[in-house]
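Novice: Dropping the structure in here first, questions after.
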Amino acid sequence: MSALLSVKGLEKTFGQVVAARDINVDVPQGQTVGIIGANGAGKTTFVNMITGHLAPSGGTIQFEGSDITGLPSRKIMRLGIARSFQVAQVFPTFSVFENLCAATAIARSGSSVVGAALSRFVSAETSADAETALDQFQMSPFRDALASTLPQGVRKLLDIAMATAGNPRVLLLDEPTSGISLEEKFGLMDVIMGALKARGTTILFVEHDMEIVQRFADRVLAFYDGTVIADGSPAVALGDERVREFITGTLIRSKDGSLNSSRASHA
Amino acid sequence: MTGLRILLGAVILGGLGAAAPFTPLWLISLVTLAMSTGLVVCGLIILWRGGLVPFGQALFFATGAYTVALSGRWFGLTDAFLLIGLAVIMAALVAFVVGFLLAQYREIFFAMLSLALSMILYGVLVKSETLGSTDGINVTQASFFGLKPRGPGYTFALFWLALGMVFTAWVGVSAYLGSVAGQLAGAIRDNEIRVEYLGISVTRLVHLKLTISAALAGAGGALAALSISHVDPQMAYWTTSGGFVFVTILAGAASVPAAFLGALLFEIVRTIAVALLPGGWQLILGSVLLLTILFVPEGLGSLMIRKRAAVTEKGAA
Ligand SMILES: Nc1ncnc2c1ncn2[C@@H]1O[C@H](COP(=O)(O)OP(=O)(O)OP(=O)(O)O)[C@@H](O)[C@H]1O
Ligand SMILES: [Mg+2]
């Protein structure tokens, strides 16, 4: 079976710090992968390398069978890999609707500078796309609010909605629920997954909350000190001894193996 | 831009053109010169909206002006339209080349690098005998599709030409500002990372902005050269660039017509200031700038279209 995204022997060092070592992962089309790990385990670095934000020190990344290792992020983006950020990246002086229009207009202009110079920003099509996104991500009440004034959760949603404007095949979400109150986390993830599952988007999301991971991931990758220490279904991965010792911090001496749902050990 | 607005613009400019024969020549010359500045400022608005302020836009202004002068001197070209076309192409070409470097920089680095490049051109112009050195070069009188008006007729012809250029620039720049690339200026100013992750190159967008702004500066330089009938290295000097930035602050980035009104106001204030205080006219100009920044920080244009700008410019349908 050929994977949509295939990572082999991925390495990244920052001087003395090894942020990724020998990471091997194959992600088939349509899977939702939860990425867990303590602070500094290398989760963001992993996302950054796949999306071209960082050039790997070694190893290869293949997407749909072709090598994308070290390509600039905008090219990777155009091939169909999009991302959201740990700290939401939006246009603060634009309204929510304008943010979405910017995203849909770029997608419609073919993401080229010439295309962007020749197509109109305000068009029926881009507006319609933006309205659809507004609807799918349930941001209609914030339509005309400036992005800088948004509550954290809505800003995260906006970031994700913009990332999906080009209809990516793969979407990487770096901590979509960080900074969001416990009560709101599930609702937020429901909205995100609801909007994306219908499109068949392959999703990789970094998450510290194990309940969220259990609920939404088909598969879990556990990072520790730059390596993947467990890879499997949530039940298997979260039950792994080392995962429980180093990440979930719920290594309890009981024999039943049931998962403790206490929160991850992040500061 | 709607057809109605284009028609309105054409009517206003046409009215100005029709009024020319009943206007003192010195005033026509002044307005023509102001329009050449306005063309440059139009280009600066494009950069300004993206958060970029070049302190060396005179580089492209002088390139346009010298293209006109040298095409006449070396190749005997006199057709005004041809000269202006060449000036625009040369200025855009220079911007395209230096853009590979400039478009990598932002903020003060962009500003100073652009200044540095313009000072290099200034140095070359001053040192080179072939380029006229400090004395500059006289520009031969242009022809218009074979017609060679002289005396007041020439002043009128240049004025009408200027009106045509203003109209073209206004329509063109408005179209650009309404395009995806144009509207992304605010996005670039806000968050380059997000723009890149929407799949489009910020560097190339900036490169494009720079090239368009240079084409406009080249057109302005060409018009200035024709209307003064002379070019000299001062046209590339940093005080010339400073003047353009001055007018841009005065006009603001909100509206294209404001660029021309700002330029006109600038010329008028400068003319009056020189008449009132021959040795210290900068004092008056400086005070005007200070008052503008204090009381109309968004420029004259913001007074003209404050409400509409917020809604249509960024694209709410
Ligand atoms: N640009 C960088 N320069 C130097 N070191 C870096 C850089 N980016 C990450 N690191 C280091 O690499 C390691 C992995 O960092 P990374 O940001 O990938 O962790 P993370 O798993 O995303 O953590 P968190 O949960 O805090 O977001 C850390 O030790 C970090 O300090
Ligand atoms: Mg991280």
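Going through the structure tokens in order, the chains are called A, B, and so on, while each chain numbers its residues from 1 and the ligands are numbered from 1 in the order shown.
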Within 8 Å of ligand 2, counting only C-alpha atoms and all ligand atoms, which protein or nucleic acid residues do you find, written as a count of residues only?

Specialist: 10

Novice: Write as a tab-separated table (two decimals) with N, CA, C and O atoms, in the first residue's frame the residues around ligand 1, taking 12 Å as the cut-off and counting only C-alpha atoms and all ligand atoms.

Specialist:
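What follows is the written file result.tsv:
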```
chain	number	residue	atom	x	y	z
A	11	GLU	N	15.89	13.60	10.27
A	11	GLU	CA	16.77	14.08	11.33
A	11	GLU	C	16.76	15.60	11.34
A	11	GLU	O	16.66	16.22	10.30
A	12	LYS	N	16.89	16.18	12.54
A	12	LYS	CA	17.10	17.62	12.60
A	12	LYS	C	17.92	17.96	13.84
A	12	LYS	O	17.58	17.55	14.95
A	13	THR	N	18.98	18.68	13.62
A	13	THR	CA	19.78	19.13	14.77
A	13	THR	C	19.87	20.64	14.74
A	13	THR	O	19.96	21.26	13.67
A	14	PHE	N	19.80	21.22	15.92
A	14	PHE	CA	20.07	22.66	16.08
A	14	PHE	C	21.34	22.73	16.92
A	14	PHE	O	21.27	22.64	18.14
A	15	GLY	N	22.48	22.87	16.29
A	15	GLY	CA	23.72	22.86	17.06
A	15	GLY	C	23.84	21.56	17.83
A	15	GLY	O	23.88	20.49	17.24
A	16	GLN	N	23.86	21.67	19.15
A	16	GLN	CA	23.99	20.47	19.98
A	16	GLN	C	22.65	19.75	20.16
A	16	GLN	O	22.61	18.56	20.45
A	17	VAL	N	21.57	20.50	19.99
A	17	VAL	CA	20.25	19.92	20.26
A	17	VAL	C	19.80	19.05	19.09
A	17	VAL	O	19.81	19.48	17.94
A	18	VAL	N	19.42	17.81	19.41
A	18	VAL	CA	18.86	16.95	18.37
A	18	VAL	C	17.34	17.00	18.53
A	18	VAL	O	16.79	16.50	19.49
A	19	ALA	N	16.68	17.65	17.60
A	19	ALA	CA	15.22	17.83	17.72
A	19	ALA	C	14.46	16.72	17.01
A	19	ALA	O	13.28	16.52	17.26
A	20	ALA	N	15.13	16.01	16.10
A	20	ALA	CA	14.50	14.87	15.43
A	20	ALA	C	15.58	13.86	15.10
A	20	ALA	O	16.63	14.24	14.59
A	21	ARG	N	15.31	12.60	15.44
A	21	ARG	CA	16.29	11.58	15.05
A	21	ARG	C	15.58	10.35	14.51
A	21	ARG	O	14.69	9.80	15.12
A	35	ILE	N	-0.48	13.54	17.37
A	35	ILE	CA	0.94	13.57	17.73
A	35	ILE	C	1.06	14.06	19.16
A	35	ILE	O	0.58	15.15	19.50
A	36	ILE	N	1.65	13.23	20.01
A	36	ILE	CA	1.78	13.62	21.41
A	36	ILE	C	3.26	13.65	21.81
A	36	ILE	O	4.11	13.14	21.08
A	37	GLY	N	3.52	14.24	22.94
A	37	GLY	CA	4.90	14.34	23.42
A	37	GLY	C	5.02	15.53	24.35
A	37	GLY	O	4.28	16.50	24.21
A	38	ALA	N	5.98	15.44	25.27
A	38	ALA	CA	6.16	16.52	26.23
A	38	ALA	C	6.71	17.76	25.53
A	38	ALA	O	7.08	17.71	24.36
A	39	ASN	N	6.80	18.85	26.25
A	39	ASN	CA	7.37	20.07	25.69
A	39	ASN	C	8.81	19.80	25.23
A	39	ASN	O	9.59	19.19	25.95
A	40	GLY	N	9.12	20.27	24.03
A	40	GLY	CA	10.47	20.12	23.52
A	40	GLY	C	10.76	18.74	22.95
A	40	GLY	O	11.90	18.42	22.63
A	41	ALA	N	9.74	17.90	22.80
A	41	ALA	CA	9.95	16.54	22.30
A	41	ALA	C	10.22	16.53	20.80
A	41	ALA	O	10.72	15.54	20.26
A	42	GLY	N	9.88	17.61	20.12
A	42	GLY	CA	10.16	17.68	18.68
A	42	GLY	C	8.94	17.63	17.80
A	42	GLY	O	9.03	17.44	16.59
A	43	LYS	N	7.76	17.85	18.37
A	43	LYS	CA	6.52	17.76	17.60
A	43	LYS	C	6.44	18.88	16.56
A	43	LYS	O	6.17	18.65	15.37
A	44	THR	N	6.65	20.10	17.02
A	44	THR	CA	6.59	21.24	16.11
A	44	THR	C	7.70	21.13	15.05
A	44	THR	O	7.48	21.43	13.87
A	45	THR	N	8.86	20.69	15.48
A	45	THR	CA	9.96	20.51	14.52
A	45	THR	C	9.55	19.54	13.41
A	45	THR	O	9.81	19.77	12.23
A	46	PHE	N	8.88	18.46	13.79
A	46	PHE	CA	8.38	17.48	12.83
A	46	PHE	C	7.43	18.15	11.83
A	46	PHE	O	7.58	18.03	10.61
A	47	VAL	N	6.47	18.88	12.36
A	47	VAL	CA	5.51	19.60	11.50
A	47	VAL	C	6.24	20.60	10.61
A	47	VAL	O	5.98	20.71	9.41
A	48	ASN	N	7.19	21.32	11.21
A	48	ASN	CA	7.94	22.33	10.46
A	48	ASN	C	8.73	21.73	9.30
A	48	ASN	O	8.86	22.35	8.24
A	49	MET	N	9.25	20.53	9.49
A	49	MET	CA	10.02	19.91	8.41
A	49	MET	C	9.10	19.45	7.29
A	49	MET	O	9.42	19.61	6.11
A	53	HIS	N	9.05	24.56	6.60
A	53	HIS	CA	9.45	25.68	7.43
A	53	HIS	C	10.90	25.51	7.87
A	53	HIS	O	11.63	26.48	8.02
A	54	LEU	N	11.29	24.26	8.05
A	54	LEU	CA	12.67	23.94	8.40
A	54	LEU	C	13.18	22.89	7.41
A	54	LEU	O	12.44	22.00	7.02
A	55	ALA	N	14.45	23.03	7.02
A	55	ALA	CA	15.04	22.00	6.17
A	55	ALA	C	15.58	20.90	7.07
A	55	ALA	O	16.29	21.18	8.03
A	56	PRO	N	15.26	19.64	6.79
A	56	PRO	CA	15.77	18.55	7.62
A	56	PRO	C	17.29	18.44	7.50
A	56	PRO	O	17.85	18.81	6.47
A	85	PHE	N	-0.97	26.85	12.95
A	85	PHE	CA	0.18	27.11	13.80
A	85	PHE	C	-0.16	27.04	15.30
A	85	PHE	O	-1.30	27.27	15.70
A	86	GLN	N	0.89	26.74	16.06
A	86	GLN	CA	0.73	26.70	17.52
A	86	GLN	C	0.22	28.06	18.01
A	86	GLN	O	-0.69	28.12	18.82
A	87	VAL	N	0.82	29.12	17.47
A	87	VAL	CA	0.28	30.46	17.70
A	87	VAL	C	-0.43	30.86	16.41
A	87	VAL	O	0.21	30.97	15.37
A	173	LEU	N	-2.01	20.25	12.02
A	173	LEU	CA	-2.49	21.21	13.01
A	173	LEU	C	-1.57	21.17	14.22
A	173	LEU	O	-1.46	20.13	14.88
A	174	ASP	N	-0.90	22.29	14.49
A	174	ASP	CA	-0.01	22.32	15.64
A	174	ASP	C	-0.76	22.86	16.85
A	174	ASP	O	-1.01	24.05	16.95
A	175	GLU	N	-1.12	21.95	17.73
A	175	GLU	CA	-1.84	22.29	18.96
A	175	GLU	C	-3.08	23.17	18.72
A	175	GLU	O	-3.16	24.29	19.21
A	176	PRO	N	-4.04	22.62	18.00
A	176	PRO	CA	-5.24	23.40	17.71
A	176	PRO	C	-6.00	23.83	18.96
A	176	PRO	O	-6.70	24.86	18.93
A	178	SER	N	-4.56	24.48	22.06
A	178	SER	CA	-3.80	25.10	23.14
A	178	SER	C	-4.34	26.49	23.44
A	178	SER	O	-4.79	27.19	22.54
A	205	PHE	N	-2.50	16.04	13.88
A	205	PHE	CA	-2.63	17.13	14.84
A	205	PHE	C	-1.82	16.88	16.11
A	205	PHE	O	-1.78	15.77	16.63
A	206	VAL	N	-1.14	17.94	16.52
A	206	VAL	CA	-0.34	17.87	17.75
A	206	VAL	C	-1.26	18.21	18.91
A	206	VAL	O	-2.03	19.18	18.84
A	207	GLU	N	-1.22	17.41	19.96
A	207	GLU	CA	-2.17	17.63	21.05
A	207	GLU	C	-1.59	17.16	22.38
A	207	GLU	O	-0.96	16.12	22.47
A	208	HIS	N	-1.84	17.98	23.40
A	208	HIS	CA	-1.37	17.61	24.74
A	208	HIS	C	-2.46	16.92	25.55
A	208	HIS	O	-2.16	16.25	26.54
A	209	ASP	N	-3.70	17.12	25.14
A	209	ASP	CA	-4.79	16.57	25.93
A	209	ASP	C	-5.14	15.16	25.45
A	209	ASP	O	-5.60	14.96	24.33
A	221	LEU	N	1.07	9.05	17.29
A	221	LEU	CA	2.53	9.03	17.24
A	221	LEU	C	3.01	9.70	18.51
A	221	LEU	O	2.66	10.84	18.79
A	222	ALA	N	3.81	8.97	19.29
A	222	ALA	CA	4.31	9.55	20.54
A	222	ALA	C	5.76	9.94	20.37
A	222	ALA	O	6.60	9.11	20.02
A	223	PHE	N	6.04	11.23	20.60
A	223	PHE	CA	7.40	11.74	20.46
A	223	PHE	C	8.06	11.85	21.82
A	223	PHE	O	7.46	12.29	22.81
A	224	TYR	N	9.33	11.47	21.85
A	224	TYR	CA	10.13	11.68	23.06
A	224	TYR	C	11.55	11.98	22.63
A	224	TYR	O	12.16	11.18	21.90
A	225	ASP	N	12.04	13.11	23.03
A	225	ASP	CA	13.43	13.48	22.74
A	225	ASP	C	13.78	13.32	21.25
A	225	ASP	O	14.82	12.77	20.91
A	226	GLY	N	12.88	13.76	20.39
A	226	GLY	CA	13.17	13.75	18.95
A	226	GLY	C	12.90	12.44	18.24
A	226	GLY	O	13.09	12.35	17.03
A	227	THR	N	12.49	11.42	18.98
A	227	THR	CA	12.18	10.16	18.30
A	227	THR	C	10.73	9.76	18.54
A	227	THR	O	10.09	10.23	19.47
A	228	VAL	N	10.25	8.85	17.68
A	228	VAL	CA	8.91	8.31	17.88
A	228	VAL	C	9.06	7.07	18.75
A	228	VAL	O	9.68	6.09	18.35
A	247	ILE	N	5.35	10.68	28.83
A	247	ILE	CA	4.48	11.68	28.23
A	247	ILE	C	3.19	11.91	29.01
A	247	ILE	O	2.93	13.01	29.49
A	264	ALA	N	-1.76	15.86	30.12
A	264	ALA	CA	-0.36	15.66	29.77
A	264	ALA	C	0.55	16.52	30.64
A	264	ALA	O	0.12	17.52	31.21
A	265	SER	N	1.79	16.13	30.66
A	265	SER	CA	2.73	16.80	31.55
A	265	SER	C	3.33	18.02	30.89
A	265	SER	O	4.53	18.10	30.72
A	266	HIS	N	2.48	18.92	30.45
A	266	HIS	CA	3.10	20.13	29.90
A	266	HIS	C	2.97	21.30	30.87
A	266	HIS	O	2.02	21.39	31.62
A	267	ALA	N	3.98	22.11	30.79
A	267	ALA	CA	4.07	23.20	31.77
A	267	ALA	C	3.01	24.25	31.51
A	267	ALA	O	2.62	24.46	30.38
```

Novice: Mind the document's chain letters and residue numbers, and return as a ChimeraX atom specification the residues of segment 171-255 of chain A that DSSP labels strand (DSSP E).

Specialist: /A:171-174,202-206,219-224,227-232

Novice: Given the choices B:Val180, B:Leu13, B:Val31, B:Val202, which gets closest to Ser119 of chain A if the distance is worked out from only C-alpha atoms?

Specialist: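 Checking each candidate against Ser119 of chain A, we get B:Val180 as the closest.
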
Novice: Figure out the distance between atom CA of Leu182 of chain A and atom CA of Val27 of chain A, please, to one decimal in Å.

Specialist: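 Interatomic distance, atom CA of Val27 of chain A to atom CA of Leu182 of chain A: 29.0 Å.
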